[in-house]
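Below is one structure, written out as structure tokens; comments come after it.
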Amino acid sequence: MSIPNAPKTTKRDTLIDIELKYQSIWENDQQFQIDAGTKDEPKFYVTFPFLYANGRPHLGHAFSMTKAEFAVGFQAMLGKRALFPMGFHVTGMPIKASADKLKREIEMFGTDFVVPAVETQENEPPETGIKKKAKINLKSGGAKYQFQIMQNLGIPKSEIAKFADPEEWIRYFPPKMMADLKQGGFHIDWRRAFCSTKVNPYFDSFVGWQMRKLKKLAKVKFGERFTIWSPKDGQACMDHDRASGEGVGPQEYTGIKLAWDRGHSDAPTFSSYIDSNERLKGRNIYLVAATLRPETMYGQTNCYVSRKLMYGFFDIDGKDVFVCSDRAANNMAHQGFSPQKRIVSKLGEISGKDIIGAAVRAPLARYDFVYVLPMDSILPGKGTTVVTSVPSDSPADWIMLNDFRKKPQYYEVKNKWINGFEPMALVRTPTLGDIAAETAIKKLKIASPNDKAKLEEAKEMVYKEGFHQGTMLVGDYVGDPVSTAKPKVKEQMIENGQAFVYCEPERQIMSRSGDECVVCLTDQWYLDYGDESWKAQTKKCLERMNTFHPEARRAYEATLDWLHEWACARQFGLGTDLPWDPQYLVESLSDSTIYMAYYTIAHMLHNDIYGQDVGAAGIKAEELTDDVWEYIFIEGANKPTGTTISDKTFAALHKEFQYFYPMDLRSSGKDLIQNHLPFALFNHVAIFPEKHWPRAYRVNGHLMMNSEKMSKQTGNFLTLSGAVEQYGADATRIALADAGDTMEDANFVEAFANAQILRLFTQKEWMETISQDSTLRTGGDYTFNDRVFDNAMSNQIKLCRRAYENCEFRDALKNALFDLQDCRDWYRDATQITGESMRKDLVQRFIEVQALLLAPIAPHWCDYIWREVLGNRTCVRSAAFPDPAATPVDVTLVEANDYVRRVIHAIRTAEASEAKKRKKKKAANGTNETGPKKLVVIACKGYMPWQKQVVDTVKSSYDSLNRIWNGGEIQTLAKAKIGNKKAIPFLQILKDHIEKIGDAAFERGVSFDELETLRINENLICQSVGYKTWDLLVADDVIGDKEKYGEALAKKAEGATPGYPVCTIETA
């Protein structure tokens, strides 16, 4: 499929043919199959989270993977044994949930998936008249059913029914994904690939050993705890089991029991409903609120419900009935608040408007009872939808209570419900006083309950100061800091039966089975990531790691701080049996923490990803006991007794693991900072010695496409295979490298990818042609342009290597492709202008340098150039990356060439200025006659007196040791009364010179002879701007001989500074 207005595909197809040819060569040569070397041979081991095998890799996957891909390609060219393995993750619920959906659809529509015509028409998207740009593959926008998604994955309809069996997914997708990544040119050692779960008995055994070892180390524990739970699946729903809400955990509240006060109640409908419902008679009725501030319950003046919502009556234990939302009741039922475990017992339902005016007894409040008032802004998806009101310490409650009193008729509230219920001082704060809410409202000038933004600001202000700096004024803990009184008050209310612990998800979480998750209090096996000694070890590991981005390190640290228990088992889905309790399976974020160690020996254990074909080691899966695994991976472990595995085989396995471990780099998307990446650290520090702890993590942001979020639903989506078919592998890889390197979202631009097809094809054609050009110059001394080009290539080598070393691949691309070609273009144009022609050896060096620098990013194109243009016999990946030390950069020459370019630009600017003057003169007097023109360039031999005065004055403000300014330069000039209009711009020029050549700039400004450089390049400069010759003058001469040069030119000459000559167009 081609994109609209795309050029003819001949160029693209030529490049793709090259790519296919070299992929075949690499495969035949086993180019990426990397085995352990000797201890003296350097290595580089990079990993990327194994791909979940329920679809095809999209550009987002590819973007993150290229960070590992580019790194391994570069490191290989440094002479290291660079290994990049990849496996396939199938653990958990995603595949199982999709397979179950297909089962239900087969029951509905049959194996042919014939949807009734009426339903098809009802679900047709509306015709908008707007045609979206077509994308290649995997566009599931508008797909209602799972079988439609499967069709969009490219699976024939006749084959889809097979995928109702989860194992069909595992058979089908890994080979497809492998093919896609090969098509993209990824440098992966596929011998080491495997699938997780029991489908591969070798990896299944490895995970079993890992979990038993963690249990033996007391890292795995069993107990009752709150966890995110899928009611539909009947099990914990961890991050990778979720359709939405990854990283969201339980939020703990204090559930406040507001007992209904029949005697004072003023809500007749509410009372009569209770009286008329047989199931409610004789029960204790409680409106239940959820609060994060139990210590403020002393100051309750009322509570709120929404007139727009429905409220249920829920049986708790046969005696008590809670009034709250269905959602809250569902959470409570999973936390022991229902007669039957995890089953909601709803006894009735009433509108919130009928509860208004009811009286309740509020725990700890100074009033015997308070009334229920309306608040229609209550959100149904948060808390219980019953809200306590503490006006003294809640700005929203304060402003609401006052608004009730101003407009009771508007709110339909009675005076007796609001009068006499006054806020009381609960907490003393240092700046907001004893009634913090009132102070904050006055401070922010809040006048209405509708001022949501300011009320939120006030809330943060009051809550923050109250918790961290407040002291209690009432209750049993008078004088205690709020931070210590809060848990005591909470516990006191729970003991008195006035409150209970209530949890719900921090925000909505949807499972992959399609239900909204709750928080469940359940017995479960969990990894105790909250253990302080384990956490301290993990932090020690993190401290010594390279995280590349400071914000990434801060995110890891924050995750380690809040991380606590993590459920490591589930009952349904795909996975490895929990060894000591096989009714459970190991969950997907717990079997994926140390598999990077498994890669090192996987190719010796099995020859296929499913572990059905025994590998070179000749070990059967059942021979891999815990003692065997221990002996392979844990240094100092005893050799297992009774094993038939030979010492030679053990030695080979040891060699692979000991050589490649630890990981030198793990690359990932930033979303895994909150789970997988820290989990891997925890598990590594628990199981392996320090020398095998990970060395570096590098994360990146998400990928947008054409500055919009990638989305199947909108059609702004592209798979890796689709991109490669459309643009070719190398153009796609270049666009991915250009997309970005930071933790901010990156951007894949299709127009840019398309442009690289022409760039690569044109460059290939030029290189093939120029290599055979007999007119290229050979022999003789290097000219200025030759030396500049040679030096520029050395500079790009230095910059590009530094960028690769820092994993800054966008910069590496810029140096290797765009900047290097710019150097070539300048050299080609300069030698054409001067008539000297390019040197053959420099052209050959350029071709070689570009092939080497660009090889990690565009390997197919570079290998073609390396072999078929330059005539080398081996793969470019096997060649040495250029060493900057071999060709040191002449900084003086770089500065001199920049100077020549700057002069040309200055002359063109002067020409444009002169043209404007002529146009203005013509408009004024109707003539354009200005006489013949001449080009005058006035350069400095050194600093002029006024410039020298500035230099001497600010020199003391520069720290030459640390190469920084102290920031007081301008003030120093002002004190010395050097504040003319020229001084400040000159100061910036001085700073630029110092940045380039250091302290020497204080003496001479530039590192080269300006006048000599101008004389050498007179022909180039003049012809570049359309002049045959120029008047080259010295500033001091012009200023010193005004009679000869005139006052006007002398005044212009005063503006010349070292590195910045005056360029002017004068009348001849």
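Residue numbers start at 1 in each chain; chains themselves are named A, B, ... in the order of the structure tokens; ligands are numbered from 1 in the order shown.
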
Exercise for review: Once DSSP has gone over the backbone, tell me which residues of segment 816-1065 of chain A are in alpha helix (DSSP H), as a PyMOL selection string.
Suggested key: chain A and resi 820-834+840-854+859-864+891-925+945-954+969-975+983-997+1001-1004+1010-1016+1018-1024+1035-1040+1042-1045+1047-1053

Point to revise | Given only C-alpha atoms as the counted atoms, nearest of A:Lys941, A:Arg12, A:Lys308, A:Lys452 to Val724 of chain A | key: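 Looking only at the distances to Val724 of chain A, the closest residue turns out to be A:Arg12.
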
Review point. Which of segment 521-682 of chain A counts as strand (DSSP E) under DSSP, as a list in words please?
Key: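 Assigned to strand (DSSP E), within segment 521-682 of chain A: Leu521, Thr522, Asp523, Gln524, Trp525, Tyr526, Leu527, Asp528, Glu565, Trp566, Ala567, Ala569, Arg570, Leu585, Val586, Leu665, Arg666, Ser667, Ser668 and Gly669 of chain A.
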
Review point. Contacts of Ile170 of chain A at 10 Å or less, counting only C-alpha atoms, minus same-chain residues fewer than 2 places along, as an NGL selection string?
Key: :A and (52-54 or 88-90 or 95 or 163 or 165-168 or 172-175 or 195-196 or 199 or 610)

Selection above as a file: C-alpha atoms, as a PDB file, in the first residue's frame:
```
ATOM      1  CA  TYR A  52       3.865 -10.134  24.662  1.00  0.00           C
ATOM      2  CA  ALA A  53       2.838 -12.559  21.955  1.00  0.00           C
ATOM      3  CA  ASN A  54      -0.751 -11.500  21.280  1.00  0.00           C
ATOM      4  CA  PHE A  88       8.174 -14.052  24.055  1.00  0.00           C
ATOM      5  CA  HIS A  89       5.986 -13.483  27.098  1.00  0.00           C
ATOM      6  CA  VAL A  90       2.631 -15.250  27.180  1.00  0.00           C
ATOM      7  CA  ILE A  95      -4.224 -14.174  25.742  1.00  0.00           C
ATOM      8  CA  PHE A 163      -7.647 -18.954  18.485  1.00  0.00           C
ATOM      9  CA  ASP A 165      -7.540 -22.166  22.222  1.00  0.00           C
ATOM     10  CA  PRO A 166      -4.921 -19.984  23.999  1.00  0.00           C
ATOM     11  CA  GLU A 167      -2.119 -22.227  22.776  1.00  0.00           C
ATOM     12  CA  GLU A 168      -2.926 -21.296  19.176  1.00  0.00           C
ATOM     13  CA  TYR A 172       0.960 -18.393  15.757  1.00  0.00           C
ATOM     14  CA  PHE A 173       2.313 -15.053  16.940  1.00  0.00           C
ATOM     15  CA  PRO A 174       5.935 -15.637  18.062  1.00  0.00           C
ATOM     16  CA  PRO A 175       7.082 -16.759  14.568  1.00  0.00           C
ATOM     17  CA  CYS A 195       8.249 -18.659  25.339  1.00  0.00           C
ATOM     18  CA  SER A 196       7.280 -18.272  28.976  1.00  0.00           C
ATOM     19  CA  VAL A 199       4.566 -24.364  27.136  1.00  0.00           C
ATOM     20  CA  TYR A 610       8.886 -24.126  22.944  1.00  0.00           C
TER      21      TYR A 610
END
```

Point to revise | Nearest to Ile1016 of chain A by atom-to-atom distance, counting only C-alpha atoms, from A:Lys991, A:Asn785, A:Ala939, A:Asn200 | key: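 Of A:Lys991, A:Asn785, A:Ala939, A:Asn200, the one nearest Ile1016 of chain A is A:Asn785, counting only C-alpha atoms.
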
Check your understanding: Leaving out Asp528 of chain A and any residue of its chain fewer than 5 positions from it, which residues lie within 7 Å of it when counting only C-alpha atoms, given as a PyMOL selection string?
Key -> chain A and resi 219-221+564-566

Practice item. Have a look at A:Lys933, A:Lys96, A:Arg283, A:Lys103 and name the one nearest to Gly1026 of chain A; count only C-alpha atoms. Key: A:Lys933

Point to revise | Distance criterion (only C-alpha atoms): nearest to Thr643 of chain A out of A:Ala329, A:Leu214, A:Leu574, A:Ile619 | key: A:Ile619

Check your understanding: Any idea what the distance is between atom CA of Gln498 of chain A and atom CA of His468 of chain A?
Key -> 25.9 Å

**Study point:** Shell of 12 Å around Gln1023 of chain A, only C-alpha atoms, local chain residues under 2 positions omitted, as a list in words
**Key:**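 My list of contacting residues is Asp829, Ala830, Thr831, Gln832, Ile833, Thr834, Gly835, Ile904, Ile907, Arg908, Leu935, Asn1017, Glu1018, Asn1019, Leu1020, Ile1021, Val1025, Gly1026, Tyr1027, Lys1028, Thr1029 and Trp1030 of chain A.
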
Keeping only N, CA and C atoms, write the selected residues to a file as a compact mmCIF listing (two decimals), in the first residue's frame.
```
# COMPACT_ATOMS: atom_id res chain seq x y z
N ASP A 829 30.99 22.04 -3.01
CA ASP A 829 30.69 23.37 -3.56
C ASP A 829 31.92 24.27 -3.55
N ALA A 830 32.70 24.18 -2.46
CA ALA A 830 33.87 25.04 -2.35
C ALA A 830 34.91 24.71 -3.42
N THR A 831 35.15 23.42 -3.63
CA THR A 831 36.15 23.04 -4.64
C THR A 831 35.65 23.33 -6.05
N GLN A 832 34.35 23.29 -6.23
CA GLN A 832 33.80 23.63 -7.55
C GLN A 832 33.98 25.12 -7.82
N ILE A 833 33.76 25.95 -6.81
CA ILE A 833 33.92 27.40 -6.96
C ILE A 833 35.37 27.76 -7.24
N THR A 834 36.28 27.12 -6.51
CA THR A 834 37.71 27.45 -6.67
C THR A 834 38.34 26.72 -7.83
N GLY A 835 37.63 25.76 -8.41
CA GLY A 835 38.13 25.06 -9.58
C GLY A 835 39.19 24.01 -9.27
N ILE A 904 30.94 34.83 4.70
CA ILE A 904 30.06 34.75 3.52
C ILE A 904 28.64 35.16 3.91
N ILE A 907 28.45 38.94 4.43
CA ILE A 907 28.44 39.69 3.16
C ILE A 907 27.05 39.64 2.54
N ARG A 908 26.44 38.49 2.57
CA ARG A 908 25.07 38.37 2.01
C ARG A 908 24.09 39.24 2.79
N LEU A 935 33.06 45.45 -2.74
CA LEU A 935 32.98 44.74 -1.46
C LEU A 935 34.18 45.11 -0.61
N ASN A 1017 41.27 32.42 1.24
CA ASN A 1017 39.92 32.08 0.77
C ASN A 1017 39.25 33.23 0.01
N GLU A 1018 40.05 34.18 -0.49
CA GLU A 1018 39.47 35.31 -1.22
C GLU A 1018 38.63 34.85 -2.40
N ASN A 1019 39.18 33.94 -3.19
CA ASN A 1019 38.48 33.47 -4.38
C ASN A 1019 37.15 32.81 -3.99
N LEU A 1020 37.18 31.91 -2.98
CA LEU A 1020 35.98 31.20 -2.54
C LEU A 1020 34.93 32.18 -2.03
N ILE A 1021 35.34 33.09 -1.18
CA ILE A 1021 34.38 34.02 -0.57
C ILE A 1021 33.78 34.95 -1.62
N VAL A 1025 29.68 35.07 -3.26
CA VAL A 1025 28.74 36.18 -3.11
C VAL A 1025 28.64 37.04 -4.37
N GLY A 1026 29.28 36.59 -5.46
CA GLY A 1026 29.10 37.27 -6.74
C GLY A 1026 30.03 38.44 -6.99
N TYR A 1027 31.19 38.48 -6.35
CA TYR A 1027 32.19 39.52 -6.60
C TYR A 1027 33.46 38.89 -7.15
N LYS A 1028 34.16 39.65 -8.00
CA LYS A 1028 35.42 39.15 -8.53
C LYS A 1028 36.56 39.36 -7.54
N THR A 1029 36.48 40.47 -6.79
CA THR A 1029 37.53 40.77 -5.82
C THR A 1029 36.95 41.61 -4.70
N TRP A 1030 37.80 42.02 -3.77
CA TRP A 1030 37.36 42.83 -2.63
C TRP A 1030 38.46 43.76 -2.18
```

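Going from atom CA of Asn415 of chain A over to atom CA of Gly255 of chain A, you cover 28.6 Å.
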
Please report as CSV every residue of segment 638-737 of chain A lying within 12 Å of segment 229-243 of chain A, along with the nearest atom pair and their distance in Å (one decimal), using only C-alpha atoms.
```
residue,atom,partner,partner_atom,distance
A:Asp671,CA,A:Asp239,CA,10.8
A:Leu672,CA,A:Asp239,CA,10.0
A:Gln674,CA,A:Asp239,CA,9.6
A:Asn675,CA,A:Asp239,CA,7.9
A:His676,CA,A:Asp239,CA,9.5
```

Using all heavy atoms, can you export the residues from the last selection as an mmCIF file, in the first residue's frame?
```cif
data_model
loop_
_atom_site.group_PDB
_atom_site.id
_atom_site.type_symbol
_atom_site.label_atom_id
_atom_site.label_comp_id
_atom_site.auth_asym_id
_atom_site.auth_seq_id
_atom_site.Cartn_x
_atom_site.Cartn_y
_atom_site.Cartn_z
ATOM 1 N N ASP A 671 7.020 3.479 30.989
ATOM 2 C CA ASP A 671 5.885 2.969 31.757
ATOM 3 C C ASP A 671 6.274 1.829 32.689
ATOM 4 O O ASP A 671 5.576 1.551 33.669
ATOM 5 C CB ASP A 671 4.771 2.502 30.806
ATOM 6 C CG ASP A 671 5.280 1.563 29.722
ATOM 7 O OD1 ASP A 671 6.214 1.942 29.007
ATOM 8 O OD2 ASP A 671 4.739 0.453 29.589
ATOM 9 N N LEU A 672 7.406 1.176 32.422
ATOM 10 C CA LEU A 672 7.816 0.055 33.269
ATOM 11 C C LEU A 672 8.612 0.493 34.491
ATOM 12 O O LEU A 672 9.027 -0.350 35.290
ATOM 13 C CB LEU A 672 8.614 -0.959 32.450
ATOM 14 C CG LEU A 672 7.838 -1.653 31.322
ATOM 15 C CD1 LEU A 672 8.671 -2.758 30.697
ATOM 16 C CD2 LEU A 672 6.514 -2.227 31.835
ATOM 17 N N GLN A 674 7.362 1.881 36.941
ATOM 18 C CA GLN A 674 6.504 1.690 38.117
ATOM 19 C C GLN A 674 6.294 0.220 38.477
ATOM 20 O O GLN A 674 5.664 -0.084 39.484
ATOM 21 C CB GLN A 674 5.156 2.355 37.889
ATOM 22 C CG GLN A 674 4.366 1.762 36.736
ATOM 23 C CD GLN A 674 3.189 2.629 36.330
ATOM 24 O OE1 GLN A 674 2.984 3.697 36.866
ATOM 25 N NE2 GLN A 674 2.399 2.141 35.379
ATOM 26 N N ASN A 675 6.843 -0.696 37.680
ATOM 27 C CA ASN A 675 6.682 -2.104 38.059
ATOM 28 C C ASN A 675 7.861 -2.971 37.631
ATOM 29 O O ASN A 675 8.739 -3.260 38.445
ATOM 30 C CB ASN A 675 5.352 -2.673 37.540
ATOM 31 C CG ASN A 675 5.055 -2.282 36.102
ATOM 32 O OD1 ASN A 675 5.860 -2.477 35.212
ATOM 33 N ND2 ASN A 675 3.865 -1.721 35.868
ATOM 34 N N HIS A 676 7.913 -3.369 36.389
ATOM 35 C CA HIS A 676 8.891 -4.373 35.978
ATOM 36 C C HIS A 676 10.341 -4.000 36.299
ATOM 37 O O HIS A 676 11.106 -4.840 36.824
ATOM 38 C CB HIS A 676 8.769 -4.659 34.473
ATOM 39 C CG HIS A 676 9.984 -5.336 33.923
ATOM 40 N ND1 HIS A 676 10.296 -6.651 34.208
ATOM 41 C CD2 HIS A 676 11.004 -4.869 33.156
ATOM 42 C CE1 HIS A 676 11.443 -6.960 33.623
ATOM 43 N NE2 HIS A 676 11.882 -5.905 32.986
#
```

Please provide the set of residues having any atom within 9 Å of Cys520 of chain A, restricted to only C-alpha atoms, with same-chain residues fewer than 6 positions apart removed, written as a tab-separated table (two decimals) with all heavy atoms, in the first residue's frame.
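The result, stored in around-v3.tsv:
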```
chain	number	residue	atom	x	y	z
A	225	ARG	N	-4.24	-9.49	52.70
A	225	ARG	CA	-3.85	-8.13	52.33
A	225	ARG	C	-4.82	-7.59	51.28
A	225	ARG	O	-5.53	-8.36	50.61
A	225	ARG	CB	-2.42	-8.06	51.81
A	225	ARG	CG	-2.16	-8.96	50.61
A	225	ARG	CD	-0.71	-8.92	50.18
A	225	ARG	NE	-0.34	-7.64	49.67
A	225	ARG	CZ	-0.54	-7.24	48.42
A	225	ARG	NH1	-1.14	-8.04	47.54
A	225	ARG	NH2	-0.17	-6.04	48.02
A	226	PHE	N	-4.84	-6.28	51.17
A	226	PHE	CA	-5.68	-5.64	50.16
A	226	PHE	C	-4.97	-5.71	48.81
A	226	PHE	O	-3.78	-5.39	48.70
A	226	PHE	CB	-5.93	-4.18	50.53
A	226	PHE	CG	-6.83	-4.00	51.72
A	226	PHE	CD1	-6.31	-3.58	52.94
A	226	PHE	CD2	-8.18	-4.24	51.64
A	226	PHE	CE1	-7.12	-3.40	54.04
A	226	PHE	CE2	-9.02	-4.08	52.73
A	226	PHE	CZ	-8.49	-3.66	53.94
A	227	THR	N	-5.73	-6.10	47.79
A	227	THR	CA	-5.15	-6.17	46.46
A	227	THR	C	-6.20	-5.81	45.42
A	227	THR	O	-7.41	-5.96	45.65
A	227	THR	CB	-4.57	-7.58	46.18
A	227	THR	OG1	-3.79	-7.55	44.99
A	227	THR	CG2	-5.68	-8.60	46.02
A	228	ILE	N	-5.75	-5.35	44.27
A	228	ILE	CA	-6.66	-5.10	43.15
A	228	ILE	C	-7.17	-6.44	42.63
A	228	ILE	O	-6.40	-7.37	42.42
A	228	ILE	CB	-5.95	-4.32	42.03
A	228	ILE	CG1	-5.38	-2.99	42.56
A	228	ILE	CG2	-6.90	-4.07	40.87
A	228	ILE	CD1	-6.42	-2.03	43.09
A	229	TRP	N	-8.48	-6.51	42.39
A	229	TRP	CA	-9.12	-7.80	42.14
A	229	TRP	C	-10.12	-7.69	41.00
A	229	TRP	O	-10.84	-6.71	40.88
A	229	TRP	CB	-9.86	-8.22	43.42
A	229	TRP	CG	-10.48	-9.57	43.44
A	229	TRP	CD1	-11.76	-9.89	43.06
A	229	TRP	CD2	-9.88	-10.79	43.91
A	229	TRP	NE1	-11.99	-11.23	43.26
A	229	TRP	CE2	-10.86	-11.82	43.78
A	229	TRP	CE3	-8.63	-11.11	44.42
A	229	TRP	CZ2	-10.60	-13.13	44.14
A	229	TRP	CZ3	-8.37	-12.42	44.79
A	229	TRP	CH2	-9.34	-13.41	44.64
A	230	SER	N	-10.13	-8.70	40.15
A	230	SER	CA	-11.13	-8.78	39.08
A	230	SER	C	-12.25	-9.70	39.53
A	230	SER	O	-12.05	-10.92	39.63
A	230	SER	CB	-10.51	-9.31	37.79
A	230	SER	OG	-11.52	-9.69	36.87
A	236	ALA	N	-6.63	-11.87	41.72
A	236	ALA	CA	-5.92	-10.60	41.70
A	236	ALA	C	-5.68	-10.17	40.26
A	236	ALA	O	-5.42	-10.99	39.37
A	236	ALA	CB	-4.60	-10.72	42.45
A	331	ASN	N	-16.94	-3.09	46.46
A	331	ASN	CA	-15.62	-3.11	47.09
A	331	ASN	C	-15.72	-3.68	48.51
A	331	ASN	O	-14.93	-4.52	48.92
A	331	ASN	CB	-15.02	-1.71	47.13
A	331	ASN	CG	-14.31	-1.33	45.84
A	331	ASN	OD1	-13.16	-1.66	45.63
A	331	ASN	ND2	-15.03	-0.63	44.96
A	332	MET	N	-16.73	-3.22	49.26
A	332	MET	CA	-16.87	-3.67	50.65
A	332	MET	C	-17.15	-5.17	50.72
A	332	MET	O	-16.64	-5.86	51.61
A	332	MET	CB	-18.00	-2.89	51.32
A	332	MET	CG	-17.68	-1.43	51.56
A	332	MET	SD	-19.09	-0.56	52.29
A	332	MET	CE	-18.58	1.15	52.10
A	333	ALA	N	-17.96	-5.68	49.80
A	333	ALA	CA	-18.27	-7.11	49.80
A	333	ALA	C	-17.01	-7.95	49.60
A	333	ALA	O	-16.93	-9.08	50.07
A	333	ALA	CB	-19.28	-7.42	48.70
A	334	HIS	N	-16.03	-7.38	48.91
A	334	HIS	CA	-14.77	-8.09	48.70
A	334	HIS	C	-13.79	-7.86	49.85
A	334	HIS	O	-12.65	-8.32	49.80
A	334	HIS	CB	-14.14	-7.65	47.37
A	334	HIS	CG	-14.79	-8.27	46.17
A	334	HIS	ND1	-15.99	-7.80	45.67
A	334	HIS	CD2	-14.44	-9.35	45.41
A	334	HIS	CE1	-16.33	-8.55	44.63
A	334	HIS	NE2	-15.42	-9.49	44.45
A	335	GLN	N	-14.25	-7.11	50.86
A	335	GLN	CA	-13.41	-6.84	52.02
A	335	GLN	C	-14.06	-7.34	53.32
A	335	GLN	O	-13.72	-6.91	54.41
A	335	GLN	CB	-13.12	-5.33	52.09
A	335	GLN	CG	-12.30	-4.82	50.93
A	335	GLN	CD	-12.32	-3.30	50.77
A	335	GLN	OE1	-12.40	-2.57	51.76
A	335	GLN	NE2	-12.26	-2.82	49.54
A	336	GLY	N	-15.02	-8.24	53.18
A	336	GLY	CA	-15.63	-8.88	54.33
A	336	GLY	C	-16.90	-8.24	54.83
A	336	GLY	O	-17.48	-8.67	55.83
A	342	ARG	N	-17.70	-11.93	49.11
A	342	ARG	CA	-17.58	-11.32	47.78
A	342	ARG	C	-18.89	-11.27	47.01
A	342	ARG	O	-18.90	-11.12	45.78
A	342	ARG	CB	-16.52	-12.05	46.94
A	342	ARG	CG	-15.13	-11.97	47.55
A	342	ARG	CD	-14.13	-12.83	46.82
A	342	ARG	NE	-12.89	-12.95	47.59
A	342	ARG	CZ	-11.99	-13.89	47.42
A	342	ARG	NH1	-12.17	-14.82	46.49
A	342	ARG	NH2	-10.91	-13.94	48.16
A	503	CYS	N	-11.15	0.20	51.49
A	503	CYS	CA	-10.23	0.45	50.37
A	503	CYS	C	-10.97	0.38	49.03
A	503	CYS	O	-11.95	-0.37	48.89
A	503	CYS	CB	-9.09	-0.56	50.35
A	503	CYS	SG	-7.91	-0.40	51.70
A	504	GLU	N	-10.47	1.14	48.07
A	504	GLU	CA	-10.95	1.05	46.70
A	504	GLU	C	-9.80	1.46	45.79
A	504	GLU	O	-8.81	2.06	46.25
A	504	GLU	CB	-12.16	1.98	46.48
A	504	GLU	CG	-11.86	3.46	46.62
A	504	GLU	CD	-13.09	4.33	46.41
A	504	GLU	OE1	-14.19	3.90	46.76
A	504	GLU	OE2	-12.93	5.44	45.87
```

Review point. In terms of the shortest atom-to-atom distance over only C-alpha atoms, which of A:Ala436, A:Leu758, A:Val518, A:Val891 is closest to Asp326 of chain A?
Key: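 Ranking A:Ala436, A:Leu758, A:Val518, A:Val891 by distance to Asp326 of chain A, first place goes to A:Val518.
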
Review point. If we count only C-alpha atoms, what is near Leu677 of chain A at a cut-off of 10 Å, once residues fewer than 5 positions away on the same chain are taken out, given as a PyMOL selection string?
Key: chain A and resi 49+556+559+589+592-593+666-672+682+697+699

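Distances to Gly420 of chain A were evaluated for A:Ala68, A:Phe467, A:Lys445, A:Asn302 using only C-alpha atoms, and the minimum falls at A:Asn302.
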
Exercise for review: Work out how far atom CA of Met93 of chain A is from atom CA of Lys144 of chain A, in Å to one decimal.
Suggested key: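 A separation of 19.6 Å between them.
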